[in-house]
$ cat work-v4.cif   # mmCIF, C-alpha atoms and all ligand atoms
data_work
#
loop_
_atom_site.group_PDB
_atom_site.id
_atom_site.type_symbol
_atom_site.label_atom_id
_atom_site.label_comp_id
_atom_site.auth_asym_id
_atom_site.auth_seq_id
_atom_site.Cartn_x
_atom_site.Cartn_y
_atom_site.Cartn_z
ATOM 1 C CA MET T 1087 -14.555 -89.248 272.525
ATOM 2 C CA THR T 1088 -16.880 -91.422 270.477
ATOM 3 C CA LYS T 1089 -20.505 -90.370 270.591
ATOM 4 C CA ILE T 1090 -22.892 -93.290 270.709
ATOM 5 C CA ILE T 1091 -26.355 -92.070 269.782
ATOM 6 C CA ALA T 1092 -29.501 -94.208 269.934
ATOM 7 C CA LEU T 1093 -32.330 -93.106 267.645
ATOM 8 C CA PHE T 1094 -35.150 -94.149 269.851
ATOM 9 C CA ASN T 1095 -38.923 -94.012 269.771
ATOM 10 C CA GLN T 1096 -41.051 -97.069 270.425
ATOM 11 C CA ALA T 1097 -43.484 -95.972 267.715
ATOM 12 C CA GLY T 1098 -42.919 -97.426 264.254
ATOM 13 C CA GLY T 1099 -42.875 -95.380 261.070
ATOM 14 C CA VAL T 1100 -41.560 -92.171 262.626
ATOM 15 C CA ALA T 1101 -38.401 -92.126 260.449
ATOM 16 C CA LYS T 1102 -35.861 -93.561 262.915
ATOM 17 C CA THR T 1103 -34.212 -95.678 260.242
ATOM 18 C CA THR T 1104 -34.367 -92.985 257.577
ATOM 19 C CA LEU T 1105 -32.733 -90.504 259.940
ATOM 20 C CA THR T 1106 -30.073 -92.986 261.088
ATOM 21 C CA MET T 1107 -28.905 -93.533 257.534
ATOM 22 C CA ASN T 1108 -29.121 -89.895 256.427
ATOM 23 C CA ILE T 1109 -27.606 -88.342 259.528
ATOM 24 C CA GLY T 1110 -24.836 -90.942 259.313
ATOM 25 C CA TYR T 1111 -24.227 -89.960 255.713
ATOM 26 C CA HIS T 1112 -23.881 -86.251 256.499
ATOM 27 C CA LEU T 1113 -21.646 -87.007 259.479
ATOM 28 C CA GLN T 1114 -19.257 -88.944 257.247
ATOM 29 C CA LYS T 1115 -19.396 -86.097 254.728
ATOM 30 C CA CYS T 1116 -17.958 -83.961 257.528
ATOM 31 C CA SER T 1117 -15.029 -86.426 257.784
ATOM 32 C CA HIS T 1118 -16.307 -88.338 260.812
ATOM 33 C CA ARG T 1119 -15.852 -92.085 261.045
ATOM 34 C CA VAL T 1120 -19.381 -93.471 261.275
ATOM 35 C CA LEU T 1121 -20.764 -96.854 262.287
ATOM 36 C CA LEU T 1122 -24.483 -97.619 261.986
ATOM 37 C CA LEU T 1123 -25.906 -100.418 264.139
ATOM 38 C CA ASP T 1124 -29.137 -102.061 263.016
ATOM 39 C CA LEU T 1125 -30.858 -103.226 266.197
ATOM 40 C CA ASP T 1126 -34.204 -103.892 264.526
ATOM 41 C CA PRO T 1127 -35.014 -107.511 263.530
ATOM 42 C CA GLN T 1128 -37.043 -106.047 260.652
ATOM 43 C CA ALA T 1129 -33.671 -104.924 259.286
ATOM 44 C CA SER T 1130 -34.897 -101.877 257.347
ATOM 45 C CA LEU T 1131 -31.566 -100.126 257.836
ATOM 46 C CA THR T 1132 -29.705 -103.162 256.520
ATOM 47 C CA THR T 1133 -31.990 -103.146 253.473
ATOM 48 C CA PHE T 1134 -31.790 -99.353 252.950
ATOM 49 C CA MET T 1135 -27.988 -99.702 252.994
ATOM 50 C CA GLY T 1136 -28.171 -102.186 250.139
ATOM 51 C CA LEU T 1137 -27.620 -105.526 251.889
ATOM 52 C CA GLU T 1138 -29.971 -108.481 251.761
ATOM 53 C CA PRO T 1139 -30.778 -109.342 255.378
ATOM 54 C CA GLU T 1140 -31.982 -112.891 254.686
ATOM 55 C CA LYS T 1141 -28.660 -113.769 253.067
ATOM 56 C CA LEU T 1142 -26.574 -112.757 256.075
ATOM 57 C CA GLU T 1143 -25.301 -115.580 258.230
ATOM 58 C CA ILE T 1144 -23.825 -113.445 260.961
ATOM 59 C CA THR T 1145 -25.499 -110.351 262.328
ATOM 60 C CA ILE T 1146 -25.237 -108.192 265.381
ATOM 61 C CA GLY T 1147 -27.454 -110.768 267.136
ATOM 62 C CA ASN T 1148 -24.485 -113.155 267.272
ATOM 63 C CA SER T 1149 -22.587 -110.645 269.393
ATOM 64 C CA LEU T 1150 -25.365 -110.470 272.004
ATOM 65 C CA THR T 1151 -25.757 -114.210 272.550
ATOM 66 C CA GLU T 1152 -23.541 -117.186 273.226
ATOM 67 C CA GLU T 1153 -23.877 -120.891 272.653
ATOM 68 C CA GLU T 1154 -24.493 -123.047 275.686
ATOM 69 C CA ASP T 1155 -21.091 -124.675 275.449
ATOM 70 C CA ASP T 1156 -19.158 -121.436 274.963
ATOM 71 C CA GLU T 1157 -16.524 -121.253 277.664
ATOM 72 C CA ASP T 1158 -15.128 -117.947 276.601
ATOM 73 C CA LEU T 1159 -17.710 -115.309 277.481
ATOM 74 C CA THR T 1160 -16.030 -112.533 275.542
ATOM 75 C CA PRO T 1161 -18.646 -111.247 273.090
ATOM 76 C CA LYS T 1162 -18.159 -112.346 269.503
ATOM 77 C CA PRO T 1163 -16.896 -109.456 267.355
ATOM 78 C CA ILE T 1164 -19.631 -107.306 265.888
ATOM 79 C CA PRO T 1165 -19.826 -108.111 262.153
ATOM 80 C CA ILE T 1166 -19.101 -104.943 260.215
ATOM 81 C CA HIS T 1167 -19.607 -104.186 256.539
ATOM 82 C CA SER T 1168 -17.514 -101.162 255.679
ATOM 83 C CA ALA T 1169 -17.470 -98.465 253.009
ATOM 84 C CA ILE T 1170 -21.182 -98.284 252.270
ATOM 85 C CA HIS T 1171 -21.761 -94.657 251.240
ATOM 86 C CA GLY T 1172 -18.740 -93.795 253.369
ATOM 87 C CA MET T 1173 -20.127 -95.533 256.461
ATOM 88 C CA SER T 1174 -19.798 -98.878 258.231
ATOM 89 C CA LEU T 1175 -22.814 -101.003 259.062
ATOM 90 C CA ALA T 1176 -23.426 -103.751 261.596
ATOM 91 C CA PRO T 1177 -26.399 -105.452 259.978
ATOM 92 C CA SER T 1178 -29.407 -107.253 261.331
ATOM 93 C CA ASN T 1179 -31.962 -109.745 260.152
ATOM 94 C CA ILE T 1180 -34.941 -111.574 261.571
ATOM 95 C CA GLY T 1181 -32.532 -113.751 263.591
ATOM 96 C CA LEU T 1182 -32.135 -110.788 265.911
ATOM 97 C CA SER T 1183 -35.570 -111.544 267.362
ATOM 98 C CA ALA T 1184 -34.168 -114.896 268.536
ATOM 99 C CA ALA T 1185 -31.334 -112.977 270.169
ATOM 100 C CA GLU T 1186 -33.920 -110.830 271.940
ATOM 101 C CA LEU T 1187 -35.637 -113.963 273.276
ATOM 102 C CA PHE T 1188 -32.272 -115.314 274.406
ATOM 103 C CA LEU T 1189 -31.664 -112.105 276.334
ATOM 104 C CA VAL T 1190 -34.807 -112.587 278.430
ATOM 105 C CA ASN T 1191 -33.054 -115.151 280.593
ATOM 106 C CA ALA T 1192 -29.464 -114.153 279.978
ATOM 107 C CA ASP T 1193 -27.256 -112.917 282.782
ATOM 108 C CA MET T 1194 -25.699 -109.456 282.486
ATOM 109 C CA ARG T 1195 -28.070 -108.817 279.624
ATOM 110 C CA ASP T 1196 -28.141 -105.048 280.193
ATOM 111 C CA ILE T 1197 -24.528 -104.572 279.241
ATOM 112 C CA ARG T 1198 -24.231 -107.025 276.380
ATOM 113 C CA LEU T 1199 -24.322 -104.487 273.569
ATOM 114 C CA LYS T 1200 -22.129 -102.080 275.521
ATOM 115 C CA ASP T 1201 -19.609 -104.898 276.052
ATOM 116 C CA ALA T 1202 -19.681 -105.993 272.439
ATOM 117 C CA LEU T 1203 -19.009 -102.405 271.299
ATOM 118 C CA GLU T 1204 -16.095 -101.856 273.664
ATOM 119 C CA PRO T 1205 -13.306 -103.227 271.378
ATOM 120 C CA ILE T 1206 -14.375 -101.132 268.370
ATOM 121 C CA ILE T 1207 -15.494 -97.849 269.919
ATOM 122 C CA LYS T 1208 -12.156 -96.172 269.257
ATOM 123 C CA ASP T 1209 -12.437 -96.884 265.539
ATOM 124 C CA TYR T 1210 -15.361 -94.468 265.178
ATOM 125 C CA ASP T 1211 -16.304 -90.877 265.967
ATOM 126 C CA PHE T 1212 -20.039 -91.575 265.844
ATOM 127 C CA ILE T 1213 -21.955 -94.800 266.396
ATOM 128 C CA LEU T 1214 -25.654 -94.470 265.544
ATOM 129 C CA ILE T 1215 -28.015 -97.147 266.836
ATOM 130 C CA ASP T 1216 -31.251 -97.683 264.922
ATOM 131 C CA CYS T 1217 -33.584 -98.978 267.652
ATOM 132 C CA PRO T 1218 -36.541 -101.260 266.983
ATOM 133 C CA PRO T 1219 -40.076 -99.895 267.376
ATOM 134 C CA SER T 1220 -40.583 -101.298 270.863
ATOM 135 C CA LEU T 1221 -39.670 -100.852 274.504
ATOM 136 C CA GLY T 1222 -38.256 -104.384 274.582
ATOM 137 C CA LEU T 1223 -34.809 -105.663 275.423
ATOM 138 C CA LEU T 1224 -33.165 -104.642 272.164
ATOM 139 C CA SER T 1225 -34.118 -101.021 272.825
ATOM 140 C CA TYR T 1226 -33.048 -101.422 276.430
ATOM 141 C CA VAL T 1227 -29.538 -102.714 275.630
ATOM 142 C CA SER T 1228 -29.240 -99.871 273.104
ATOM 143 C CA LEU T 1229 -30.065 -97.247 275.722
ATOM 144 C CA VAL T 1230 -27.562 -98.813 278.103
ATOM 145 C CA ALA T 1231 -24.831 -98.759 275.433
ATOM 146 C CA ALA T 1232 -25.527 -95.184 274.284
ATOM 147 C CA ASN T 1233 -24.321 -91.832 275.611
ATOM 148 C CA TYR T 1234 -27.128 -89.949 273.901
ATOM 149 C CA ILE T 1235 -30.578 -90.484 272.538
ATOM 150 C CA LEU T 1236 -32.063 -88.629 269.642
ATOM 151 C CA VAL T 1237 -35.835 -88.850 269.471
ATOM 152 C CA PRO T 1238 -37.579 -88.674 266.098
ATOM 153 C CA ILE T 1239 -41.138 -87.585 266.776
ATOM 154 C CA GLN T 1240 -43.884 -87.571 264.203
ATOM 155 C CA CYS T 1241 -45.767 -84.293 263.761
ATOM 156 C CA GLN T 1242 -49.134 -85.870 264.461
ATOM 157 C CA PHE T 1243 -51.198 -85.666 267.565
ATOM 158 C CA LYS T 1244 -50.943 -89.384 268.352
ATOM 159 C CA ALA T 1245 -47.163 -88.964 268.653
ATOM 160 C CA PHE T 1246 -47.734 -87.394 272.051
ATOM 161 C CA ALA T 1247 -49.409 -90.414 273.539
ATOM 162 C CA GLY T 1248 -46.218 -92.489 273.558
ATOM 163 C CA THR T 1249 -43.763 -89.782 274.418
ATOM 164 C CA ASN T 1250 -44.419 -89.803 278.139
ATOM 165 C CA ILE T 1251 -43.671 -93.525 278.302
ATOM 166 C CA LEU T 1252 -40.584 -92.909 276.220
ATOM 167 C CA LEU T 1253 -39.275 -90.258 278.604
ATOM 168 C CA LYS T 1254 -40.099 -92.430 281.621
ATOM 169 C CA THR T 1255 -38.126 -95.285 280.070
ATOM 170 C CA VAL T 1256 -35.154 -92.996 279.533
ATOM 171 C CA ALA T 1257 -35.392 -91.775 283.130
ATOM 172 C CA ARG T 1258 -35.462 -95.369 284.403
ATOM 173 C CA VAL T 1259 -32.428 -96.377 282.373
ATOM 174 C CA LYS T 1260 -30.616 -93.271 283.607
ATOM 175 C CA ARG T 1261 -31.372 -94.043 287.233
ATOM 176 C CA ARG T 1262 -30.494 -97.722 287.179
ATOM 177 C CA ALA T 1263 -28.202 -98.666 284.334
ATOM 178 C CA ASN T 1264 -26.686 -95.684 282.542
ATOM 179 C CA ARG T 1265 -26.359 -92.491 284.554
ATOM 180 C CA GLY T 1266 -24.508 -90.711 281.770
ATOM 181 C CA LEU T 1267 -27.320 -91.042 279.230
ATOM 182 C CA GLN T 1268 -28.361 -87.667 277.830
ATOM 183 C CA ILE T 1269 -31.055 -86.512 275.464
ATOM 184 C CA ALA T 1270 -29.414 -85.134 272.323
ATOM 185 C CA GLY T 1271 -32.703 -83.697 271.137
ATOM 186 C CA PHE T 1272 -35.991 -84.197 269.352
ATOM 187 C CA VAL T 1273 -36.415 -84.268 265.592
ATOM 188 C CA PRO T 1274 -39.970 -83.560 264.424
ATOM 189 C CA THR T 1275 -40.490 -85.739 261.353
ATOM 190 C CA LEU T 1276 -42.863 -86.222 258.410
ATOM 191 C CA PHE T 1277 -43.892 -82.580 258.702
ATOM 192 C CA ASP T 1278 -46.408 -81.459 256.107
ATOM 193 C CA SER T 1279 -46.918 -77.702 256.285
ATOM 194 C CA ARG T 1280 -50.188 -78.035 254.336
ATOM 195 C CA ARG T 1281 -51.723 -79.913 257.265
ATOM 196 C CA SER T 1282 -52.837 -77.635 260.062
ATOM 197 C CA GLN T 1283 -52.588 -80.542 262.512
ATOM 198 C CA ASP T 1284 -48.867 -80.834 261.802
ATOM 199 C CA GLU T 1285 -48.358 -77.131 262.579
ATOM 200 C CA ARG T 1286 -50.323 -77.448 265.805
ATOM 201 C CA THR T 1287 -48.435 -80.560 266.827
ATOM 202 C CA LEU T 1288 -45.102 -78.909 266.081
ATOM 203 C CA THR T 1289 -46.022 -75.980 268.321
ATOM 204 C CA ALA T 1290 -47.087 -78.418 271.034
ATOM 205 C CA ILE T 1291 -43.839 -80.391 270.697
ATOM 206 C CA LYS T 1292 -41.854 -77.192 271.183
ATOM 207 C CA GLU T 1293 -43.910 -76.199 274.224
ATOM 208 C CA ARG T 1294 -43.725 -79.596 275.812
ATOM 209 C CA PHE T 1295 -40.121 -80.655 275.162
ATOM 210 C CA SER T 1296 -37.918 -77.594 274.778
ATOM 211 C CA LYS T 1297 -37.075 -77.840 278.481
ATOM 212 C CA VAL T 1298 -36.053 -81.483 277.994
ATOM 213 C CA GLY T 1299 -33.763 -81.030 274.983
ATOM 214 C CA THR T 1300 -33.051 -79.270 271.710
ATOM 215 C CA ILE T 1301 -35.941 -79.293 269.247
ATOM 216 C CA TYR T 1302 -34.545 -79.418 265.741
ATOM 217 C CA PRO T 1303 -36.362 -77.876 262.776
ATOM 218 C CA PRO T 1304 -38.828 -80.369 261.296
ATOM 219 C CA ILE T 1305 -37.931 -82.797 258.521
ATOM 220 C CA PRO T 1306 -40.438 -82.107 255.729
ATOM 221 C CA TRP T 1307 -42.680 -84.861 254.427
ATOM 222 C CA SER T 1308 -41.416 -85.887 250.999
ATOM 223 C CA THR T 1309 -41.768 -89.014 248.904
ATOM 224 C CA SER T 1310 -38.106 -88.599 247.945
ATOM 225 C CA PHE T 1311 -37.151 -90.213 251.267
ATOM 226 C CA ALA T 1312 -38.949 -93.419 250.359
ATOM 227 C CA ASP T 1313 -37.671 -93.224 246.779
ATOM 228 C CA ALA T 1314 -34.086 -92.810 247.999
ATOM 229 C CA ALA T 1315 -34.539 -95.763 250.376
ATOM 230 C CA GLU T 1316 -35.893 -97.862 247.518
ATOM 231 C CA ALA T 1317 -32.843 -96.900 245.458
ATOM 232 C CA ARG T 1318 -30.711 -97.883 248.517
ATOM 233 C CA VAL T 1319 -29.027 -94.494 248.699
ATOM 234 C CA PRO T 1320 -29.033 -91.543 251.112
ATOM 235 C CA LEU T 1321 -31.322 -88.667 250.141
ATOM 236 C CA ALA T 1322 -28.304 -86.473 249.322
ATOM 237 C CA ILE T 1323 -27.230 -88.902 246.605
ATOM 238 C CA TYR T 1324 -30.778 -89.333 245.274
ATOM 239 C CA ASP T 1325 -31.418 -85.586 245.047
ATOM 240 C CA LYS T 1326 -28.471 -83.383 245.856
ATOM 241 C CA ASN T 1327 -30.622 -80.242 246.024
ATOM 242 C CA HIS T 1328 -33.436 -81.579 248.199
ATOM 243 C CA LYS T 1329 -34.700 -79.018 250.713
ATOM 244 C CA ALA T 1330 -34.528 -81.488 253.614
ATOM 245 C CA LEU T 1331 -30.732 -81.665 253.311
ATOM 246 C CA THR T 1332 -30.369 -78.318 255.096
ATOM 247 C CA VAL T 1333 -32.273 -79.721 258.063
ATOM 248 C CA LEU T 1334 -30.142 -82.887 258.106
ATOM 249 C CA ARG T 1335 -26.942 -80.822 258.054
ATOM 250 C CA ASN T 1336 -28.318 -78.694 260.868
ATOM 251 C CA ILE T 1337 -28.854 -81.821 263.006
ATOM 252 C CA VAL T 1338 -25.304 -82.943 262.230
ATOM 253 C CA LYS T 1339 -23.949 -79.589 263.502
ATOM 254 C CA GLY T 1340 -25.908 -80.109 266.708
ATOM 255 C CA LEU T 1341 -24.517 -83.622 267.161
ATOM 256 C CA GLU T 1342 -20.961 -82.413 266.512
ATOM 257 C CA ASN T 1343 -21.388 -79.886 269.308
ATOM 258 C CA LEU T 1344 -22.730 -82.322 271.904
HETATM 259 N N1 LIG I 1401 -39.677 -87.124 255.640
HETATM 260 C C1 LIG I 1401 -40.321 -88.155 255.113
HETATM 261 N N2 LIG I 1401 -41.335 -87.975 254.234
HETATM 262 C C2 LIG I 1401 -42.034 -88.994 253.716
HETATM 263 N N3 LIG I 1401 -41.774 -90.273 253.989
HETATM 264 C C3 LIG I 1401 -40.769 -90.546 254.839
HETATM 265 C C4 LIG I 1401 -39.987 -89.521 255.448
HETATM 266 N N4 LIG I 1401 -39.078 -90.101 256.264
HETATM 267 C C5 LIG I 1401 -39.269 -91.427 256.156
HETATM 268 N N5 LIG I 1401 -40.273 -91.707 255.303
HETATM 269 C C6 LIG I 1401 -40.805 -93.027 254.941
HETATM 270 O O1 LIG I 1401 -41.643 -93.457 256.019
HETATM 271 C C7 LIG I 1401 -41.499 -94.856 256.213
HETATM 272 C C8 LIG I 1401 -41.067 -95.140 257.645
HETATM 273 O O2 LIG I 1401 -39.759 -94.621 257.829
HETATM 274 P P1 LIG I 1401 -38.693 -95.407 258.694
HETATM 275 O O3 LIG I 1401 -37.441 -94.591 258.676
HETATM 276 O O4 LIG I 1401 -38.590 -96.819 258.247
HETATM 277 O O5 LIG I 1401 -39.377 -95.315 260.143
HETATM 278 P P2 LIG I 1401 -39.077 -96.138 261.491
HETATM 279 O O6 LIG I 1401 -37.659 -96.608 261.421
HETATM 280 O O7 LIG I 1401 -39.302 -95.157 262.602
HETATM 281 O O8 LIG I 1401 -40.066 -97.258 261.531
HETATM 282 C C9 LIG I 1401 -40.499 -95.336 255.185
HETATM 283 O O9 LIG I 1401 -41.200 -95.830 254.075
HETATM 284 C C10 LIG I 1401 -39.733 -94.079 254.818
HETATM 285 O O10 LIG I 1401 -39.210 -94.145 253.498
HETATM 286 MG MG MG I 1402 -36.921 -98.536 261.620
#

$ encode --input "work-v4.cif" --output "structure tokens"
Amino acid sequence: MTKIIALFNQAGGVAKTTLTMNIGYHLQKCSHRVLLLDLDPQASLTTFMGLEPEKLEITIGNSLTEEEDDEDLTPKPIPIHSAIHGMSLAPSNIGLSAAELFLVNADMRDIRLKDALEPIIKDYDFILIDCPPSLGLLSYVSLVAANYILVPIQCQFKAFAGTNILLKTVARVKRRANRGLQIAGFVPTLFDSRRSQDERTLTAIKERFSKVGTIYPPIPWSTSFADAAEARVPLAIYDKNHKALTVLRNIVKGLENL
């Protein structure tokens, strides 16, 4: 069965997009068929994967909306760019924020992404959804379409403030719209072992969330992540011996065993 995993945290800059691309890369290395969905109008994932968002005429936003005179309500096919570092990508651009506005008054809005994915689910083993940094409708449709959420959580004290709201949101979606939604785990990110606050926060994350889901080993802070993104390649291609690769492979094992 295809695993649809939303990388979700309403905070920005916690490495959702970086993880989506790199976890996707290691999943395809293990012979899985991988689709990445960029659900963020800022389109970082689309950029990291080497596309130019502003040049795209059709994005995933087109599959969530319809024109007023459309008679056929079947969602438009999700536009897919294949064979990028062994993965497929459904890209985004700033037009996706118009799609989000459209959704505000759209009927059946909850299931629009789920519906649009239906015809292509069988083509993939893993579909990773890179959620935007908000609790808005684009995150909501992602959580309704997903079977699992993976929560990147920054190893800094302020990360805690938002996590209760995050878990409440997940609980609400579970109760109302997607009973099968499960937490695949928490990935502590941007961990700098030289900072005592990061160590303390990591301990606190383990104490607070190990009952809720798996806590993966932390992803170390390293400028190589940003450098790899700038070079539009996964970390493993940028530096094949980077120490964070072990952690990424460990997460992939966990996702395979879900
Ligand atoms: N482990 C890391 N160490 C240092 N910088 C990182 C790491 N992971 C991601 N980054 C950088 O942090 C920034 C935010 O990451 P990003 O994945 O875009 O976060 P989000 O999608 O949650 O907003 C990017 O510039 C990215 O290159
Ligand atoms: Mg992002």

$ resolve_selection --input "work-v4.cif" --expression "the PyMOL selection byres (((chain T and resi 1216) around 12) and not hetatm)" --output "PyMOL selection string"
chain T and resi 1090-1096+1098+1100-1110+1121-1132+1175-1178+1213-1215+1217-1220+1224-1225+1227-1229+1232+1235-1238

$ closest_residue --input "work-v4.cif" --among "T:Asn1179, T:Thr1255, T:Thr1309, T:Ser1117" --to "T:Leu1137" --atoms "all atoms listed in the file"
T:Asn1179

$ residues_around --input "work-v4.cif" --residues "T:Ala1322" --least-positions-apart "4" --cutoff "10 Å" --atoms "only C-alpha atoms" --output "compact mmCIF listing (two decimals) with C-alpha atoms, in the frame of the given file"
# COMPACT_ATOMS: atom_id res chain seq x y z
CA ASN T 1108 -29.12 -89.90 256.43
CA TYR T 1111 -24.23 -89.96 255.71
CA HIS T 1112 -23.88 -86.25 256.50
CA PHE T 1311 -37.15 -90.21 251.27
CA ALA T 1314 -34.09 -92.81 248.00
CA LYS T 1326 -28.47 -83.38 245.86
CA ASN T 1327 -30.62 -80.24 246.02
CA HIS T 1328 -33.44 -81.58 248.20
CA LYS T 1329 -34.70 -79.02 250.71
CA ALA T 1330 -34.53 -81.49 253.61
CA LEU T 1331 -30.73 -81.67 253.31
CA LEU T 1334 -30.14 -82.89 258.11

$ closest_residue --input "work-v4.cif" --among "T:Thr1133, T:Phe1246, T:Asp1201, T:Leu1288" --to "ligand LIG 1401 (chain I)" --atoms "only C-alpha atoms and all ligand atoms"
T:Thr1133

$ atom_distance --input "work-v4.cif" --atom1 "atom CA of T:Thr1300" --atom2 "atom CA of T:Leu1113"
18.4 Å

$ resolve_selection --input "work-v4.cif" --expression "the PyMOL selection byres (((chain T and resi 1199) around 9) and not hetatm)" --output "NGL selection string"
:T and (1149-1150 or 1161 or 1195-1198 or 1200-1204 or 1224 or 1227-1228 or 1230-1231)

$ residues_near_point --input "work-v4.cif" --point "(-40.7, -82.3, 257.9)" --cutoff "7 Å" --atoms "only C-alpha atoms" --output "compact mmCIF listing (two decimals) with C-alpha atoms, keeping the file's coordinate frame"
# COMPACT_ATOMS: atom_id res chain seq x y z
CA PRO T 1274 -39.97 -83.56 264.42
CA THR T 1275 -40.49 -85.74 261.35
CA LEU T 1276 -42.86 -86.22 258.41
CA PHE T 1277 -43.89 -82.58 258.70
CA ASP T 1278 -46.41 -81.46 256.11
CA PRO T 1304 -38.83 -80.37 261.30
CA ILE T 1305 -37.93 -82.80 258.52
CA PRO T 1306 -40.44 -82.11 255.73
CA TRP T 1307 -42.68 -84.86 254.43

$ closest_residue --input "work-v4.cif" --among "T:Met1194, T:Leu1142, T:Ile1269, T:Leu1187" --to "T:Leu1252" --atoms "only C-alpha atoms"
T:Ile1269

$ build_atoms --input "work-v4.cif" --residues "stretch 1248-1264 of chain T" --atoms "N, CA and C atoms" --output "short mmCIF file (atom, residue, chain, number, x, y, z; two decimals), in the coordinates of the input"
data_model
loop_
_atom_site.label_atom_id
_atom_site.label_comp_id
_atom_site.auth_asym_id
_atom_site.auth_seq_id
_atom_site.Cartn_x
_atom_site.Cartn_y
_atom_site.Cartn_z
N GLY T 1248 -47.32 -91.61 273.16
CA GLY T 1248 -46.22 -92.49 273.56
C GLY T 1248 -45.03 -91.78 274.17
N THR T 1249 -45.00 -90.46 274.04
CA THR T 1249 -43.76 -89.78 274.42
C THR T 1249 -43.52 -89.76 275.92
N ASN T 1250 -44.61 -89.76 276.69
CA ASN T 1250 -44.42 -89.80 278.14
C ASN T 1250 -43.79 -91.12 278.57
N ILE T 1251 -44.26 -92.22 277.98
CA ILE T 1251 -43.67 -93.52 278.30
C ILE T 1251 -42.20 -93.54 277.88
N LEU T 1252 -41.96 -92.96 276.73
CA LEU T 1252 -40.58 -92.91 276.22
C LEU T 1252 -39.67 -92.19 277.23
N LEU T 1253 -40.12 -91.02 277.68
CA LEU T 1253 -39.28 -90.26 278.60
C LEU T 1253 -39.13 -90.96 279.95
N LYS T 1254 -40.19 -91.66 280.37
CA LYS T 1254 -40.10 -92.43 281.62
C LYS T 1254 -39.07 -93.55 281.47
N THR T 1255 -39.09 -94.22 280.31
CA THR T 1255 -38.13 -95.28 280.07
C THR T 1255 -36.70 -94.74 280.14
N VAL T 1256 -36.49 -93.60 279.51
CA VAL T 1256 -35.15 -93.00 279.53
C VAL T 1256 -34.75 -92.67 280.98
N ALA T 1257 -35.70 -92.13 281.74
CA ALA T 1257 -35.39 -91.78 283.13
C ALA T 1257 -35.04 -93.03 283.94
N ARG T 1258 -35.74 -94.12 283.68
CA ARG T 1258 -35.46 -95.37 284.40
C ARG T 1258 -34.08 -95.91 284.07
N VAL T 1259 -33.75 -95.89 282.79
CA VAL T 1259 -32.43 -96.38 282.37
C VAL T 1259 -31.34 -95.50 283.00
N LYS T 1260 -31.59 -94.20 283.01
CA LYS T 1260 -30.62 -93.27 283.61
C LYS T 1260 -30.38 -93.57 285.08
N ARG T 1261 -31.48 -93.84 285.79
CA ARG T 1261 -31.37 -94.04 287.23
C ARG T 1261 -30.66 -95.35 287.56
N ARG T 1262 -30.96 -96.40 286.80
CA ARG T 1262 -30.49 -97.72 287.18
C ARG T 1262 -29.23 -98.17 286.46
N ALA T 1263 -29.21 -97.94 285.12
CA ALA T 1263 -28.20 -98.67 284.33
C ALA T 1263 -27.21 -97.77 283.60
N ASN T 1264 -27.56 -96.52 283.36
CA ASN T 1264 -26.69 -95.68 282.54
C ASN T 1264 -26.86 -94.22 282.93
#
